[in-house]
>>> print(open('input-v8.cif').read())   # mmCIF, C-alpha atoms
data_upload
loop_
_atom_site.label_atom_id
_atom_site.label_comp_id
_atom_site.auth_asym_id
_atom_site.auth_seq_id
_atom_site.Cartn_x
_atom_site.Cartn_y
_atom_site.Cartn_z
CA MET A 370 -19.17 2.43 15.04
CA ILE A 371 -22.52 0.75 14.33
CA HIS A 372 -23.28 3.34 11.64
CA ALA A 373 -19.89 2.75 10.02
CA ILE A 374 -20.61 -0.97 9.76
CA VAL A 375 -24.32 -1.06 8.99
CA VAL A 376 -24.59 1.97 6.74
CA THR A 377 -21.16 2.69 5.32
CA GLN A 378 -19.75 -0.81 4.94
CA PHE A 379 -22.97 -2.63 4.04
CA SER A 380 -23.73 0.04 1.40
CA LYS A 381 -20.25 -0.41 -0.01
CA MET A 382 -20.67 -4.18 -0.24
CA LEU A 383 -24.12 -3.89 -1.85
CA ASN A 384 -22.62 -1.49 -4.39
CA ASN A 385 -19.80 -4.00 -4.95
CA LEU A 386 -22.49 -6.60 -5.69
CA LEU A 387 -23.97 -4.20 -8.25
CA ALA A 388 -20.57 -3.89 -9.92
CA ILE A 389 -20.06 -7.67 -9.84
CA LEU A 390 -23.48 -8.12 -11.45
CA GLY A 391 -22.27 -5.80 -14.22
CA GLU A 392 -19.37 -8.16 -14.80
CA ALA A 393 -21.78 -11.09 -14.85
CA GLU A 394 -23.90 -9.32 -17.46
CA LYS A 395 -20.84 -8.74 -19.66
CA PHE A 396 -19.82 -12.38 -19.26
CA ALA A 397 -23.28 -13.63 -20.28
CA ALA A 398 -23.26 -11.34 -23.33
CA GLU A 399 -19.80 -12.55 -24.38
CA LYS A 400 -20.81 -16.20 -23.98
CA LYS A 401 -24.22 -15.55 -25.57
CA PHE A 402 -26.57 -16.76 -22.83
CA GLU A 403 -29.27 -15.09 -20.76
CA THR A 404 -28.26 -13.57 -17.43
CA GLY A 405 -31.21 -15.40 -15.88
CA VAL A 406 -29.10 -18.56 -16.05
CA LEU A 407 -26.65 -16.99 -13.61
CA LEU A 408 -29.42 -15.57 -11.42
CA GLN A 409 -30.74 -19.10 -10.88
CA ALA A 410 -27.29 -20.67 -10.39
CA ARG A 411 -26.35 -22.10 -7.01
CA LEU A 412 -23.29 -23.75 -5.50
CA SER A 413 -25.22 -26.74 -4.20
CA PRO A 414 -28.74 -28.04 -4.83
CA ASP A 415 -29.74 -27.29 -1.23
CA GLN A 416 -28.40 -23.71 -1.22
CA PHE A 417 -30.09 -20.51 -2.33
CA SER A 418 -29.71 -19.35 -5.91
CA LEU A 419 -27.73 -16.22 -6.73
CA MET A 420 -31.00 -14.27 -6.82
CA GLN A 421 -31.97 -15.43 -3.33
CA GLN A 422 -28.46 -14.82 -1.97
CA ILE A 423 -28.73 -11.19 -3.09
CA ARG A 424 -32.28 -10.84 -1.74
CA THR A 425 -31.14 -12.19 1.62
CA ALA A 426 -28.08 -9.91 1.75
CA CYS A 427 -30.41 -6.96 1.07
CA ASP A 428 -32.88 -8.08 3.73
CA THR A 429 -30.13 -8.62 6.28
CA ALA A 430 -28.76 -5.12 5.69
CA LYS A 431 -32.08 -3.25 5.74
CA LEU A 432 -33.68 -5.21 8.59
CA GLY A 433 -30.47 -5.22 10.61
CA ALA A 434 -30.33 -1.42 10.39
CA ALA A 435 -34.04 -1.06 11.09
CA ARG A 436 -33.99 -3.34 14.15
CA LEU A 437 -30.84 -1.78 15.58
CA ALA A 438 -32.34 1.71 15.22
CA GLY A 439 -35.77 0.67 16.49
CA ARG A 440 -37.34 1.53 13.12
CA GLU A 441 -38.44 -1.86 11.86
CA LYS A 442 -41.79 -0.54 10.60
CA ASP A 443 -39.92 1.90 8.31
CA ALA A 444 -37.99 -0.77 6.41
CA PRO A 445 -38.89 -1.07 2.73
CA VAL A 446 -40.88 -4.15 1.83
CA HIS A 447 -39.69 -6.28 -1.06
CA GLY A 448 -41.92 -9.07 -2.29
CA ASP A 449 -39.12 -11.41 -3.44
CA THR A 450 -40.62 -11.30 -6.94
CA GLU A 451 -37.53 -10.20 -8.83
CA GLN A 452 -36.89 -12.25 -11.95
CA THR A 453 -34.42 -10.12 -13.91
CA LEU A 454 -31.09 -8.46 -13.45
CA ALA A 455 -32.75 -5.04 -13.68
CA GLU A 456 -35.19 -5.96 -10.91
CA ILE A 457 -32.50 -7.22 -8.54
CA ARG A 458 -30.41 -4.11 -9.26
CA ALA A 459 -33.43 -1.98 -8.33
CA ARG A 460 -33.69 -3.86 -5.02
CA LEU A 461 -30.01 -3.32 -4.29
CA ASP A 462 -30.36 0.38 -5.12
CA SER A 463 -33.42 0.75 -2.88
CA VAL A 464 -31.66 -0.84 0.09
CA VAL A 465 -28.58 1.36 -0.35
CA ALA A 466 -30.85 4.42 -0.50
CA TYR A 467 -32.67 3.25 2.64
CA LEU A 468 -29.41 2.75 4.53
CA LYS A 469 -28.29 6.27 3.63
CA GLY A 470 -31.31 7.57 5.56
CA PHE A 471 -29.75 6.55 8.89
CA SER A 472 -27.62 9.02 10.80
CA PRO A 473 -25.03 7.89 13.35
CA GLU A 474 -27.41 9.17 16.04
CA ALA A 475 -30.06 6.67 14.91
CA PHE A 476 -27.92 3.94 16.47
CA ALA A 477 -27.21 5.73 19.79
CA ALA A 478 -29.15 3.18 21.87
CA ALA A 479 -28.62 0.24 19.52
CA ALA A 480 -26.07 -1.75 21.55
CA GLU A 481 -28.40 -2.08 24.54
CA ARG A 482 -31.69 -2.49 22.62
CA ARG A 483 -33.25 -5.95 23.00
CA ILE A 484 -33.93 -7.48 19.60
CA THR A 485 -36.09 -10.47 18.82
CA GLN A 486 -37.53 -12.12 15.76
CA PRO A 487 -40.53 -14.46 15.46
CA ARG A 488 -38.38 -17.48 14.61
CA TRP A 489 -36.43 -17.03 17.86
CA ASN A 490 -39.43 -18.25 19.89
CA GLY A 491 -39.45 -15.37 22.38
CA LYS A 492 -35.68 -15.22 22.86
CA SER A 493 -33.73 -12.02 22.28
CA LEU A 494 -30.26 -10.63 21.83
CA SER A 495 -28.81 -7.28 22.81
CA GLY A 496 -28.24 -5.01 19.85
CA GLN A 497 -24.52 -5.56 20.15
CA GLU A 498 -24.95 -9.35 20.17
CA PHE A 499 -27.41 -9.11 17.28
CA LEU A 500 -24.97 -7.06 15.21
CA ILE A 501 -21.83 -9.07 15.97
CA GLN A 502 -23.24 -12.58 16.08
CA HIS A 503 -26.10 -12.40 13.60
CA VAL A 504 -26.21 -9.43 11.23
CA ILE A 505 -22.55 -9.13 10.24
CA PRO A 506 -21.87 -12.85 9.66
CA ASN A 507 -25.20 -13.40 7.91
CA PHE A 508 -24.71 -10.40 5.62
CA TYR A 509 -21.19 -11.39 4.60
CA PHE A 510 -22.16 -15.04 4.17
CA HIS A 511 -24.74 -14.12 1.53
CA VAL A 512 -22.55 -11.52 -0.20
CA ALA A 513 -19.61 -13.94 -0.34
CA THR A 514 -21.82 -16.77 -1.56
CA ALA A 515 -23.24 -14.56 -4.32
CA TYR A 516 -19.65 -13.76 -5.35
CA ALA A 517 -18.72 -17.47 -5.19
CA ILE A 518 -21.65 -18.50 -7.39
CA LEU A 519 -20.57 -16.09 -10.11
CA ARG A 520 -16.90 -17.00 -9.78
CA HIS A 521 -17.79 -20.71 -9.90
CA ASN A 522 -19.72 -20.10 -13.12
CA GLY A 523 -16.73 -18.51 -14.82
CA VAL A 524 -17.37 -14.79 -14.36
CA GLY A 525 -13.97 -13.09 -14.39
CA ILE A 526 -14.06 -11.50 -10.97
CA GLY A 527 -11.57 -11.62 -8.13
CA LYS A 528 -10.94 -10.42 -4.62
CA LYS A 529 -10.60 -6.79 -5.75
CA ASN A 530 -14.14 -6.94 -7.16
CA TYR A 531 -15.41 -8.34 -3.88
CA LEU A 532 -13.59 -5.79 -1.72
CA GLY A 533 -14.21 -2.81 -4.01
CA ASP A 534 -12.36 0.47 -3.79
CA MET A 535 -10.17 0.97 -0.74
CA PRO A 536 -9.61 4.34 0.97
CA TYR A 537 -5.85 4.22 0.52
CA ARG A 538 -3.79 7.21 1.55
CA GLU A 539 -0.19 8.12 0.95
CA ALA A 540 2.22 6.79 3.55
CA ALA A 541 3.10 9.28 6.25
CA ALA A 542 6.53 10.85 5.92
CA ALA A 543 9.06 9.41 8.35
#
>>> encode(input="input-v8.cif", output="structure tokens")
Amino acid sequence: MIHAIVVTQFSKMLNNLLAILGEAEKFAAEKKFETGVLLQARLSPDQFSLMQQIRTACDTAKLGAARLAGREKDAPVHGDTEQTLAEIRARLDSVVAYLKGFSPEAFAAAAERRITQPRWNGKSLSGQEFLIQHVIPNFYFHVATAYAILRHNGVGIGKKNYLGDMPYREAAAA
């Protein structure tokens, strides 16, 4: 189940962000302004900009996977230097590619693994607690906030853009 969430679902949502950024680019072109305006937009002066929301969603996905699998040293390093739409797309692509490198077996011991971070001052969570109480909510917070920033700025996106394609199947015959 951890693989399905961390690799499959997080990759899907990062790809949805890529598609949403495509809509933002079209919107900026139609309205004749630079996409950098949107990349620096924020919902509130004390919140991260769109660029930083996307960076943080990427970091949460890659570092969450790495910590759960016990492979933190393997995680790609991003310097938070992106300034353009092309650069942030490249970061999204690199994180999706990184996530695809995890097999379900990579997470076999993840639920019981003790996970800590420097800012936790020596405290730790089990892998299951880390995933459920930290990684998932943090990831979706930043993805949803990125969506909200673009929606707030007039980009014509909706819930279907946020959710992306669904694996619908035909109803079973009665």
>>> resolve_selection(input="input-v8.cif", expression="the PyMOL selection byres ((chain A and resi 380) around 10)", output="PyMOL selection string")
chain A and resi 373-379+381-386+427+430-431+461-462+464-469
>>> residues_near_point(input="input-v8.cif", point="(-21.8, -15.3, -1.7)", cutoff="10 Å", atoms="only C-alpha atoms", output="PyMOL selection string")
chain A and resi 386+411-412+417-419+422-423+426+508-520+531
>>> resolve_selection(input="input-v8.cif", expression="the PyMOL selection byres ((chain A and resi 435-444) around 6)", output="PyMOL selection string")
chain A and resi 432-434+445+475-476+479+496
>>> axis_aligned_box(input="input-v8.cif", around="range 462-472 of chain A", padding_each_side="4 Å", output="lines of an AutoDock Vina configuration file")
center_x = -30.5
center_y = 4.1
center_z = 2.8
size_x = 13.8
size_y = 17.9
size_z = 23.9
>>> closest_residue(input="input-v8.cif", among="A:Leu407, A:Leu387, A:Ile371, A:Val504", to="Asn522 in chain A", atoms="all atoms listed in the file")
A:Leu407
>>> atom_distance(input="input-v8.cif", atom1="CA of Gly523 in chain A", atom2="CA of Tyr537 in chain A")
29.5 Å
>>> atom_distance(input="input-v8.cif", atom1="CA of Ser495 in chain A", atom2="CA of Glu474 in chain A")
17.8 Å
>>> closest_residue(input="input-v8.cif", among="A:Val524, A:Ala455, A:Ile505, A:Leu494", to="Lys400 in chain A", atoms="only C-alpha atoms")
A:Val524
>>> closest_residue(input="input-v8.cif", among="A:Asp449, A:Leu454, A:Gln416, A:Thr425", to="Thr404 in chain A", atoms="only C-alpha atoms")
A:Leu454
>>> atom_distance(input="input-v8.cif", atom1="CA of Ser413 in chain A", atom2="CA of Asn507 in chain A")
18.0 Å
>>> closest_residue(input="input-v8.cif", among="A:Ile526, A:Arg424, A:Ala478, A:Gln502", to="Glu394 in chain A", atoms="only C-alpha atoms")
A:Ile526
>>> closest_residue(input="input-v8.cif", among="A:Leu408, A:Glu498, A:His372, A:Ala388", to="Asp534 in chain A", atoms="all atoms listed in the file")
A:Ala388
>>> closest_residue(input="input-v8.cif", among="A:Glu451, A:Thr429, A:Glu539, A:Phe499", to="Arg482 in chain A", atoms="all atoms listed in the file")
A:Phe499
>>> build_atoms(input="input-v8.cif", residues="range 475-504 of chain A", atoms="N, CA and C atoms", output="PDB file, in the coordinates of the input")
ATOM      1  N   ALA A 475     -28.972   7.659  14.946  1.00  0.00           N
ATOM      2  CA  ALA A 475     -30.060   6.670  14.910  1.00  0.00           C
ATOM      3  C   ALA A 475     -29.684   5.399  15.658  1.00  0.00           C
ATOM      4  N   PHE A 476     -28.399   5.157  15.826  1.00  0.00           N
ATOM      5  CA  PHE A 476     -27.920   3.940  16.470  1.00  0.00           C
ATOM      6  C   PHE A 476     -27.413   4.189  17.900  1.00  0.00           C
ATOM      7  N   ALA A 477     -27.725   5.353  18.467  1.00  0.00           N
ATOM      8  CA  ALA A 477     -27.210   5.730  19.790  1.00  0.00           C
ATOM      9  C   ALA A 477     -27.546   4.699  20.866  1.00  0.00           C
ATOM     10  N   ALA A 478     -28.740   4.145  20.854  1.00  0.00           N
ATOM     11  CA  ALA A 478     -29.150   3.180  21.870  1.00  0.00           C
ATOM     12  C   ALA A 478     -29.127   1.739  21.344  1.00  0.00           C
ATOM     13  N   ALA A 479     -28.538   1.540  20.197  1.00  0.00           N
ATOM     14  CA  ALA A 479     -28.620   0.240  19.520  1.00  0.00           C
ATOM     15  C   ALA A 479     -27.954  -0.901  20.292  1.00  0.00           C
ATOM     16  N   ALA A 480     -26.814  -0.664  20.900  1.00  0.00           N
ATOM     17  CA  ALA A 480     -26.070  -1.750  21.550  1.00  0.00           C
ATOM     18  C   ALA A 480     -26.866  -2.380  22.692  1.00  0.00           C
ATOM     19  N   GLU A 481     -27.644  -1.581  23.391  1.00  0.00           N
ATOM     20  CA  GLU A 481     -28.400  -2.080  24.540  1.00  0.00           C
ATOM     21  C   GLU A 481     -29.807  -2.537  24.174  1.00  0.00           C
ATOM     22  N   ARG A 482     -30.313  -2.139  23.015  1.00  0.00           N
ATOM     23  CA  ARG A 482     -31.690  -2.490  22.620  1.00  0.00           C
ATOM     24  C   ARG A 482     -31.834  -4.008  22.586  1.00  0.00           C
ATOM     25  N   ARG A 483     -32.953  -4.519  23.075  1.00  0.00           N
ATOM     26  CA  ARG A 483     -33.250  -5.950  23.000  1.00  0.00           C
ATOM     27  C   ARG A 483     -33.928  -6.208  21.664  1.00  0.00           C
ATOM     28  N   ILE A 484     -33.424  -7.179  20.943  1.00  0.00           N
ATOM     29  CA  ILE A 484     -33.930  -7.480  19.600  1.00  0.00           C
ATOM     30  C   ILE A 484     -34.376  -8.926  19.563  1.00  0.00           C
ATOM     31  N   THR A 485     -35.547  -9.134  18.979  1.00  0.00           N
ATOM     32  CA  THR A 485     -36.090 -10.470  18.820  1.00  0.00           C
ATOM     33  C   THR A 485     -36.673 -10.614  17.424  1.00  0.00           C
ATOM     34  N   GLN A 486     -36.891 -11.819  17.026  1.00  0.00           N
ATOM     35  CA  GLN A 486     -37.530 -12.120  15.760  1.00  0.00           C
ATOM     36  C   GLN A 486     -38.496 -13.283  16.001  1.00  0.00           C
ATOM     37  N   PRO A 487     -39.555 -13.378  15.231  1.00  0.00           N
ATOM     38  CA  PRO A 487     -40.530 -14.460  15.460  1.00  0.00           C
ATOM     39  C   PRO A 487     -39.904 -15.858  15.510  1.00  0.00           C
ATOM     40  N   ARG A 488     -38.943 -16.126  14.653  1.00  0.00           N
ATOM     41  CA  ARG A 488     -38.380 -17.480  14.610  1.00  0.00           C
ATOM     42  C   ARG A 488     -37.474 -17.788  15.809  1.00  0.00           C
ATOM     43  N   TRP A 489     -37.252 -16.800  16.672  1.00  0.00           N
ATOM     44  CA  TRP A 489     -36.430 -17.030  17.860  1.00  0.00           C
ATOM     45  C   TRP A 489     -37.259 -17.487  19.057  1.00  0.00           C
ATOM     46  N   ASN A 490     -38.545 -17.698  18.853  1.00  0.00           N
ATOM     47  CA  ASN A 490     -39.430 -18.250  19.890  1.00  0.00           C
ATOM     48  C   ASN A 490     -39.339 -17.509  21.228  1.00  0.00           C
ATOM     49  N   GLY A 491     -39.430 -16.179  21.163  1.00  0.00           N
ATOM     50  CA  GLY A 491     -39.450 -15.370  22.380  1.00  0.00           C
ATOM     51  C   GLY A 491     -38.093 -15.020  22.944  1.00  0.00           C
ATOM     52  N   LYS A 492     -37.032 -15.541  22.382  1.00  0.00           N
ATOM     53  CA  LYS A 492     -35.680 -15.220  22.860  1.00  0.00           C
ATOM     54  C   LYS A 492     -35.232 -13.915  22.223  1.00  0.00           C
ATOM     55  N   SER A 493     -34.231 -13.292  22.817  1.00  0.00           N
ATOM     56  CA  SER A 493     -33.730 -12.020  22.280  1.00  0.00           C
ATOM     57  C   SER A 493     -32.224 -11.934  22.425  1.00  0.00           C
ATOM     58  N   LEU A 494     -31.674 -10.966  21.740  1.00  0.00           N
ATOM     59  CA  LEU A 494     -30.260 -10.630  21.830  1.00  0.00           C
ATOM     60  C   LEU A 494     -30.155  -9.136  22.107  1.00  0.00           C
ATOM     61  N   SER A 495     -29.064  -8.717  22.733  1.00  0.00           N
ATOM     62  CA  SER A 495     -28.810  -7.280  22.810  1.00  0.00           C
ATOM     63  C   SER A 495     -28.473  -6.806  21.401  1.00  0.00           C
ATOM     64  N   GLY A 496     -28.587  -5.538  21.162  1.00  0.00           N
ATOM     65  CA  GLY A 496     -28.240  -5.010  19.850  1.00  0.00           C
ATOM     66  C   GLY A 496     -26.813  -5.332  19.460  1.00  0.00           C
ATOM     67  N   GLN A 497     -25.914  -5.241  20.441  1.00  0.00           N
ATOM     68  CA  GLN A 497     -24.520  -5.560  20.150  1.00  0.00           C
ATOM     69  C   GLN A 497     -24.361  -7.024  19.766  1.00  0.00           C
ATOM     70  N   GLU A 498     -25.001  -7.920  20.508  1.00  0.00           N
ATOM     71  CA  GLU A 498     -24.950  -9.350  20.170  1.00  0.00           C
ATOM     72  C   GLU A 498     -25.579  -9.605  18.802  1.00  0.00           C
ATOM     73  N   PHE A 499     -26.706  -8.974  18.552  1.00  0.00           N
ATOM     74  CA  PHE A 499     -27.410  -9.110  17.280  1.00  0.00           C
ATOM     75  C   PHE A 499     -26.515  -8.695  16.120  1.00  0.00           C
ATOM     76  N   LEU A 500     -25.852  -7.552  16.269  1.00  0.00           N
ATOM     77  CA  LEU A 500     -24.970  -7.060  15.210  1.00  0.00           C
ATOM     78  C   LEU A 500     -23.782  -7.993  15.000  1.00  0.00           C
ATOM     79  N   ILE A 501     -23.082  -8.316  16.074  1.00  0.00           N
ATOM     80  CA  ILE A 501     -21.830  -9.070  15.970  1.00  0.00           C
ATOM     81  C   ILE A 501     -22.052 -10.540  15.634  1.00  0.00           C
ATOM     82  N   GLN A 502     -23.073 -11.144  16.228  1.00  0.00           N
ATOM     83  CA  GLN A 502     -23.240 -12.580  16.080  1.00  0.00           C
ATOM     84  C   GLN A 502     -24.271 -12.993  15.038  1.00  0.00           C
ATOM     85  N   HIS A 503     -25.084 -12.052  14.582  1.00  0.00           N
ATOM     86  CA  HIS A 503     -26.100 -12.400  13.600  1.00  0.00           C
ATOM     87  C   HIS A 503     -25.987 -11.575  12.319  1.00  0.00           C
ATOM     88  N   VAL A 504     -26.117 -10.270  12.425  1.00  0.00           N
ATOM     89  CA  VAL A 504     -26.210  -9.430  11.230  1.00  0.00           C
ATOM     90  C   VAL A 504     -24.936  -9.469  10.398  1.00  0.00           C
TER      91      VAL A 504
END
